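**Q** Before anything else, here's the structure in question.
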Amino acid sequence: MGDGPMTQTSARFPAMLANLNTLLSRYGESMMWLARYMERIENLARLLEVTEAFVRNPDGSPGWDSILQINSDEDRYAAIYPLPATEENILAFYITESTNPTSIRAMAHMVRENARSARPLISTEMWMQLNVFTRSMMELSTPDIRRHGLSGLCNRLKQDCQTHFGITEGTLYRDQAWLFYLLGKYLERSDQITRLIDIRYHTLLPSGETSGSQMDITQWGSVLRSAAAYHAFRRLQPVTTTPANVVGFLLKNEGFPRSLMLNLRQVDSTLSALSTHYNLRHQCGPLQERIINMRATLEDQTAEEIISRGLHEYMTYIQDELAALQAEVSATFWPAAPVTVREEISIPQ
C-alpha cells in the first residue's frame, strides 16, 4: 500500500517533465521573438524616416521602393497595392495594413502576443510599457499619421522601442529568458544590417554622381542614418565618406552596436553563456560552429576585398547562414508546433 502513490507519481513524472520542457521552450521562443519584433519596429521606423528625408531616386523623388527591397516585400506589396510604390501606399502598407505581417500594426500585435505568452517571466514594468505601446500602435489609423506627421510618428516609435530596451535592461532577471531575448536581438540586428547594406549599396552604386560629390555624401549619409550610425561613423571618419568606408564600418567595426562583426560576436557569447551556465553544451555546439565560421569569413577580409569579390553574394551568404541558424535554434530548443505565436497574422481590427 505504501508503494501505490510513489508508483503513480513515478509514472506521471515523464509526462510532467515533458510538459515542463514544452513550457520552458515556449517561454524561450517568446522571449526571442519579442526581441526580434521590437528591433524590427525600431528599424522600420528609422528606415521610413530616413527615406522620406534623404533617400532619393534619380528623378529626385523619395526612394520608397528601396524599403520594399530591404524587407523582401515586393511581391507582398504588389498583391495589395499597384506599382510603382507611392508614399501614401508605402506608409499604409508599412504602418496600418493589418494583412501585411511586416507592418507596424502587425508587428505590434506579435509583440503583444509574445509578451503575453512570456508574462510569468517579464517584469511588471516591461509588461505595462509594452501593453500601452502595442495598444496604441494597433489602433493607429491614416488620419493619425497625417495629423502627427511621419517624422513625429517615427520619433515616437523609436523612443518607445528604446524605452522598452532600457526597461528590459534594468528589470529583466538574468536567466535563460534574458539570454534568449539577447539572442533574438543580436540575430535581428545582424540580419537587418546585411539587408540594408546589400540594397542601399547597389541602389547608390550606379548613381552617376561623382564619388565624393555633395549628393554622393548625402546619400551615403542616409545609409548610416538608416542604421543609427551617422554620428558614430563621423567620430572615426570626420572628413572622408566613401562606399568602402561606410560598408567597412557597418560590417566590421567592433564598437558600433549594430555592426555585423559585433553582433555575431554577441550571438557567439550568448550561446556560450547558455552552454556554460545551463548545461546546454551539446545543444549549443553546432550552433556556435556556424557562428564561428561566419565570424572567420568576416575577419579574414577587408571591406575592399568583400566589395571586389562580390558584396551582394557575401551579404546573401550571411543572410542564408543567419536563416539556417534561426532554424537550428528553433529545432534545438523548441520543436515545431502546429501554430506558434509568431505565426499568427490575425490582427484585431
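Identifiers in the C-alpha cells: chain A, B, ... in order shown; residue index from 1 per chain; ligand index from 1 in order shown.
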Can you pull out the residues contacting range 91-100 of chain A? Cut-off 12 Å, using only C-alpha atoms, and skip same-chain residues under 6 positions away; I want them as a PDB file with C-alpha atoms, in the first residue's frame.
**A**
ATOM      1  CA  ARG A  40      12.195  45.313 -36.448  1.00  0.00           C
ATOM      2  CA  ILE A  41       9.767  48.025 -35.390  1.00  0.00           C
ATOM      3  CA  ASN A  43      14.491  49.621 -37.607  1.00  0.00           C
ATOM      4  CA  LEU A  44      11.441  50.131 -39.824  1.00  0.00           C
ATOM      5  CA  ALA A  45      10.653  53.458 -38.153  1.00  0.00           C
ATOM      6  CA  LEU A  47      14.035  53.456 -42.485  1.00  0.00           C
ATOM      7  CA  LEU A  48      10.755  55.275 -43.112  1.00  0.00           C
ATOM      8  CA  GLU A  49      12.016  58.497 -41.570  1.00  0.00           C
ATOM      9  CA  THR A  51      13.836  57.541 -46.711  1.00  0.00           C
ATOM     10  CA  GLU A  52      11.438  60.466 -46.577  1.00  0.00           C
ATOM     11  CA  TRP A  64      10.250  54.285 -51.203  1.00  0.00           C
ATOM     12  CA  ASP A  65      10.767  51.148 -53.281  1.00  0.00           C
ATOM     13  CA  ILE A  67      12.304  49.739 -48.328  1.00  0.00           C
ATOM     14  CA  LEU A  68      10.378  47.023 -50.146  1.00  0.00           C
ATOM     15  CA  ASN A  71      12.444  43.773 -46.438  1.00  0.00           C
ATOM     16  CA  ASP A  73       8.309  42.708 -49.612  1.00  0.00           C
ATOM     17  CA  GLU A  74       7.933  43.402 -53.351  1.00  0.00           C
ATOM     18  CA  ASP A  75       5.518  40.543 -54.058  1.00  0.00           C
ATOM     19  CA  ARG A  76       3.518  41.081 -50.886  1.00  0.00           C
ATOM     20  CA  TYR A  77       3.153  44.803 -51.676  1.00  0.00           C
ATOM     21  CA  ALA A  78       2.173  44.161 -55.314  1.00  0.00           C
ATOM     22  CA  ALA A  79      -0.604  41.835 -54.148  1.00  0.00           C
ATOM     23  CA  ILE A  80      -2.227  44.697 -52.228  1.00  0.00           C
ATOM     24  CA  TYR A  81      -1.208  47.966 -53.927  1.00  0.00           C
ATOM     25  CA  PRO A  82      -0.421  48.955 -57.527  1.00  0.00           C
ATOM     26  CA  ALA A  85       5.267  52.378 -54.920  1.00  0.00           C
ATOM     27  CA  ALA A 106       1.040  43.608 -37.331  1.00  0.00           C
ATOM     28  CA  MET A 107       4.390  43.539 -35.538  1.00  0.00           C
ATOM     29  CA  ALA A 108       2.917  45.348 -32.525  1.00  0.00           C
ATOM     30  CA  HIS A 109       0.302  42.583 -32.378  1.00  0.00           C
ATOM     31  CA  MET A 110       3.071  39.963 -32.440  1.00  0.00           C
ATOM     32  CA  SER A 136      -1.507  52.497 -29.340  1.00  0.00           C
ATOM     33  CA  MET A 137       0.278  51.060 -32.387  1.00  0.00           C
ATOM     34  CA  MET A 138      -2.526  48.612 -33.152  1.00  0.00           C
ATOM     35  CA  GLU A 139      -5.025  51.483 -33.063  1.00  0.00           C
ATOM     36  CA  LEU A 140      -3.064  53.700 -35.490  1.00  0.00           C
ATOM     37  CA  SER A 141      -5.014  54.999 -38.465  1.00  0.00           C
ATOM     38  CA  THR A 142      -4.190  57.014 -41.567  1.00  0.00           C
ATOM     39  CA  PRO A 143      -5.555  60.260 -40.032  1.00  0.00           C
ATOM     40  CA  ASP A 144      -3.194  59.746 -37.078  1.00  0.00           C
ATOM     41  CA  ILE A 145      -0.225  59.631 -39.467  1.00  0.00           C
ATOM     42  CA  ARG A 146      -1.342  62.792 -41.257  1.00  0.00           C
ATOM     43  CA  GLY A 149       3.428  63.668 -39.476  1.00  0.00           C
ATOM     44  CA  LEU A 150       5.683  60.774 -40.430  1.00  0.00           C
ATOM     45  CA  SER A 151       8.721  62.191 -38.648  1.00  0.00           C
ATOM     46  CA  LEU A 153       5.365  59.159 -35.562  1.00  0.00           C
ATOM     47  CA  CYS A 154       8.759  57.614 -36.302  1.00  0.00           C
ATOM     48  CA  LEU A 157       8.216  54.681 -32.315  1.00  0.00           C
ATOM     49  CA  GLU A 344      -0.376  34.250 -36.139  1.00  0.00           C
ATOM     50  CA  ILE A 345      -1.395  37.020 -38.529  1.00  0.00           C
ATOM     51  CA  SER A 346      -4.989  37.610 -37.453  1.00  0.00           C
ATOM     52  CA  ILE A 347      -4.912  41.146 -36.098  1.00  0.00           C
ATOM     53  CA  PRO A 348      -7.803  42.818 -34.298  1.00  0.00           C
ATOM     54  CA  GLN A 349      -9.486  45.450 -36.443  1.00  0.00           C
TER      55      GLN A 349
END
**Q** Grab the CA of Val223 in chain A to CA of Arg200 in chain A distance for me, in Å with one decimal place.
**A** 6.7 Å
**Q** Report, in Å with one decimal, the straight-line distance from CA of Ile197 in chain A to CA of Gln301 in chain A.
**A** 16.4 Å
**Q** Considering only C-alpha atoms, state which residue in the set A:Tyr314, A:Thr332, A:Gln176, A:Ala324 is at the smallest distance from Gly285 in chain A.
**A**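 Once distances to Gly285 in chain A are computed over only C-alpha atoms, the minimum belongs to A:Thr332.
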**Q** Residues of range 59-166 of chain A classed as helix (DSSP H, G or I) by DSSP on the backbone are to be reported as JSON, numbers by chain.
**A** {"A": [65, 66, 67, 68, 69, 70, 74, 75, 76, 77, 78, 87, 88, 89, 90, 91, 92, 93, 94, 95, 96, 104, 105, 106, 107, 108, 109, 110, 111, 112, 113, 114, 115, 116, 117, 124, 125, 126, 127, 128, 129, 130, 131, 132, 133, 134, 135, 136, 137, 138, 142, 143, 144, 145, 146, 147, 148, 150, 151, 152, 153, 154, 155, 156, 157, 158, 159, 160, 161, 162, 163, 164, 165, 166]}
**Q** So, with only C-alpha atoms as the atoms that count, which of A:Lys185, A:Asn245, A:Asn114, A:Met128 lies closest to Pro257 in chain A?
**A**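 Going through A:Lys185, A:Asn245, A:Asn114, A:Met128 one by one, the smallest distance to Pro257 in chain A is for A:Lys185.
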**Q** Residues near Lys252 in chain A, anyone? I mean within 6 Å using only C-alpha atoms, not counting same-chain ones fewer than 3 positions away, as a list of chain:residue names.
**A** A:Gly248, A:Phe249, A:Met261
**Q** For a test of reading the model, state the distance in Å between CA of Pro62 in chain A and CA of Ile90 in chain A, rounded to one decimal.
**A** 11.2 Å
**Q** Point out the residue among A:Val239, A:Met294, A:Ile193, A:Leu287 with the least atom-to-atom distance to Arg258 in chain A, counting only C-alpha atoms.
**A**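 Nearest to Arg258 in chain A: A:Ile193.
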**Q** Taking 4 positions as the minimum chain separation for residues in the same chain, which residues sit within 7 Å of Ile167 in chain A when counting only C-alpha atoms? Answer as number ranges by chain.
**A** A: 125-126, 163, 171
**Q** Excluding Asn131 in chain A and its own-chain neighbours fewer than 4 positions away, which residues fall within 7 Å of it when counting only C-alpha atoms? Please give them as a list in words.
**A**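 Here the answer would be Arg112, Trp127 and Arg135 of chain A.
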**Q** Which of these residues is nearest to Glu328 in chain A, using only C-alpha atoms: A:Leu224, A:Gln162, A:Pro238, A:Ile291?
**A**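 When distances to Glu328 in chain A are compared using only C-alpha atoms, the smallest one comes from A:Ile291.
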**Q** Counting only C-alpha atoms, what is within 10 Å of Ile292 in chain A, bar same-chain residues fewer than 3 positions away, as a PyMOL selection string?
**A** chain A and resi 264-265+267-268+286-289+295-298
**Q** Since we have the selection now, will you write its residues out, keeping all heavy atoms, as a short mmCIF file (atom, residue, chain, number, x, y, z; two decimals), in the first residue's frame?
**A**
data_model
loop_
_atom_site.label_atom_id
_atom_site.label_comp_id
_atom_site.auth_asym_id
_atom_site.auth_seq_id
_atom_site.Cartn_x
_atom_site.Cartn_y
_atom_site.Cartn_z
N LEU A 264 27.63 39.37 -34.40
CA LEU A 264 28.00 37.95 -34.50
C LEU A 264 28.77 37.53 -33.25
O LEU A 264 28.59 36.42 -32.74
CB LEU A 264 28.83 37.71 -35.76
CG LEU A 264 28.09 37.81 -37.09
CD1 LEU A 264 29.05 37.52 -38.24
CD2 LEU A 264 26.88 36.88 -37.16
N ARG A 265 29.63 38.42 -32.78
CA ARG A 265 30.37 38.10 -31.55
C ARG A 265 29.41 37.98 -30.37
O ARG A 265 29.58 37.10 -29.51
CB ARG A 265 31.42 39.19 -31.27
CG ARG A 265 32.16 39.00 -29.95
CD ARG A 265 33.47 39.77 -29.94
NE ARG A 265 33.28 41.18 -30.17
CZ ARG A 265 32.93 42.06 -29.22
NH1 ARG A 265 32.69 41.63 -27.99
NH2 ARG A 265 32.82 43.34 -29.50
N VAL A 267 26.22 37.08 -30.50
CA VAL A 267 25.49 35.82 -30.64
C VAL A 267 26.34 34.67 -30.11
O VAL A 267 25.85 33.81 -29.36
CB VAL A 267 25.11 35.57 -32.12
CG1 VAL A 267 24.58 34.14 -32.30
CG2 VAL A 267 24.06 36.56 -32.59
N ASP A 268 27.61 34.65 -30.49
CA ASP A 268 28.53 33.61 -30.03
C ASP A 268 28.63 33.63 -28.51
O ASP A 268 28.58 32.59 -27.85
CB ASP A 268 29.90 33.83 -30.66
CG ASP A 268 30.83 32.62 -30.49
OD1 ASP A 268 30.37 31.57 -30.01
OD2 ASP A 268 32.01 32.75 -30.85
N PRO A 286 26.83 22.85 -32.18
CA PRO A 286 26.66 23.03 -33.64
C PRO A 286 26.27 24.45 -34.02
O PRO A 286 26.67 24.95 -35.08
CB PRO A 286 25.53 22.04 -33.97
CG PRO A 286 25.58 21.02 -32.88
CD PRO A 286 25.98 21.78 -31.65
N LEU A 287 25.50 25.12 -33.16
CA LEU A 287 25.11 26.50 -33.44
C LEU A 287 26.33 27.40 -33.42
O LEU A 287 26.49 28.29 -34.28
CB LEU A 287 24.08 26.98 -32.41
CG LEU A 287 22.83 26.12 -32.23
CD1 LEU A 287 21.95 26.69 -31.13
CD2 LEU A 287 22.04 26.02 -33.53
N GLN A 288 27.19 27.21 -32.44
CA GLN A 288 28.39 28.04 -32.34
C GLN A 288 29.35 27.80 -33.50
O GLN A 288 30.03 28.73 -33.94
CB GLN A 288 29.09 27.78 -31.00
CG GLN A 288 28.36 28.39 -29.82
CD GLN A 288 29.10 28.18 -28.52
OE1 GLN A 288 28.97 27.16 -27.86
NE2 GLN A 288 29.91 29.17 -28.15
N GLU A 289 29.39 26.59 -34.00
CA GLU A 289 30.26 26.32 -35.15
C GLU A 289 29.85 27.16 -36.35
O GLU A 289 30.70 27.69 -37.08
CB GLU A 289 30.20 24.83 -35.50
CG GLU A 289 30.93 23.92 -34.52
CD GLU A 289 30.86 22.46 -34.92
OE1 GLU A 289 30.48 22.20 -36.10
OE2 GLU A 289 31.18 21.60 -34.10
N ARG A 295 32.00 34.44 -38.51
CA ARG A 295 32.95 35.41 -37.98
C ARG A 295 34.30 35.31 -38.68
O ARG A 295 34.93 36.33 -38.98
CB ARG A 295 33.13 35.21 -36.47
CG ARG A 295 31.89 35.54 -35.64
CD ARG A 295 32.15 35.31 -34.16
NE ARG A 295 33.16 36.22 -33.65
CZ ARG A 295 33.69 36.15 -32.44
NH1 ARG A 295 33.31 35.19 -31.61
NH2 ARG A 295 34.59 37.02 -32.05
N ALA A 296 34.72 34.10 -38.98
CA ALA A 296 36.02 33.91 -39.64
C ALA A 296 36.01 34.52 -41.04
O ALA A 296 36.99 35.18 -41.44
CB ALA A 296 36.36 32.43 -39.71
N THR A 297 34.93 34.33 -41.79
CA THR A 297 34.88 34.90 -43.14
C THR A 297 34.89 36.42 -43.10
O THR A 297 35.42 37.07 -44.01
CB THR A 297 33.62 34.44 -43.90
OG1 THR A 297 32.44 34.95 -43.26
CG2 THR A 297 33.54 32.92 -43.95
N LEU A 298 34.32 37.00 -42.05
CA LEU A 298 34.29 38.45 -41.93
C LEU A 298 35.64 39.01 -41.47
O LEU A 298 36.11 40.03 -41.98
CB LEU A 298 33.19 38.85 -40.93
CG LEU A 298 32.88 40.34 -40.78
CD1 LEU A 298 32.50 40.96 -42.12
CD2 LEU A 298 31.76 40.55 -39.77
#
**Q** Have a look at A:Ala331, A:Leu187, A:Leu179, A:Ile306 and name the one nearest to Arg36 in chain A; count only C-alpha atoms.
**A**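 Of A:Ala331, A:Leu187, A:Leu179, A:Ile306, the one nearest Arg36 in chain A, counting only C-alpha atoms, is A:Leu187.
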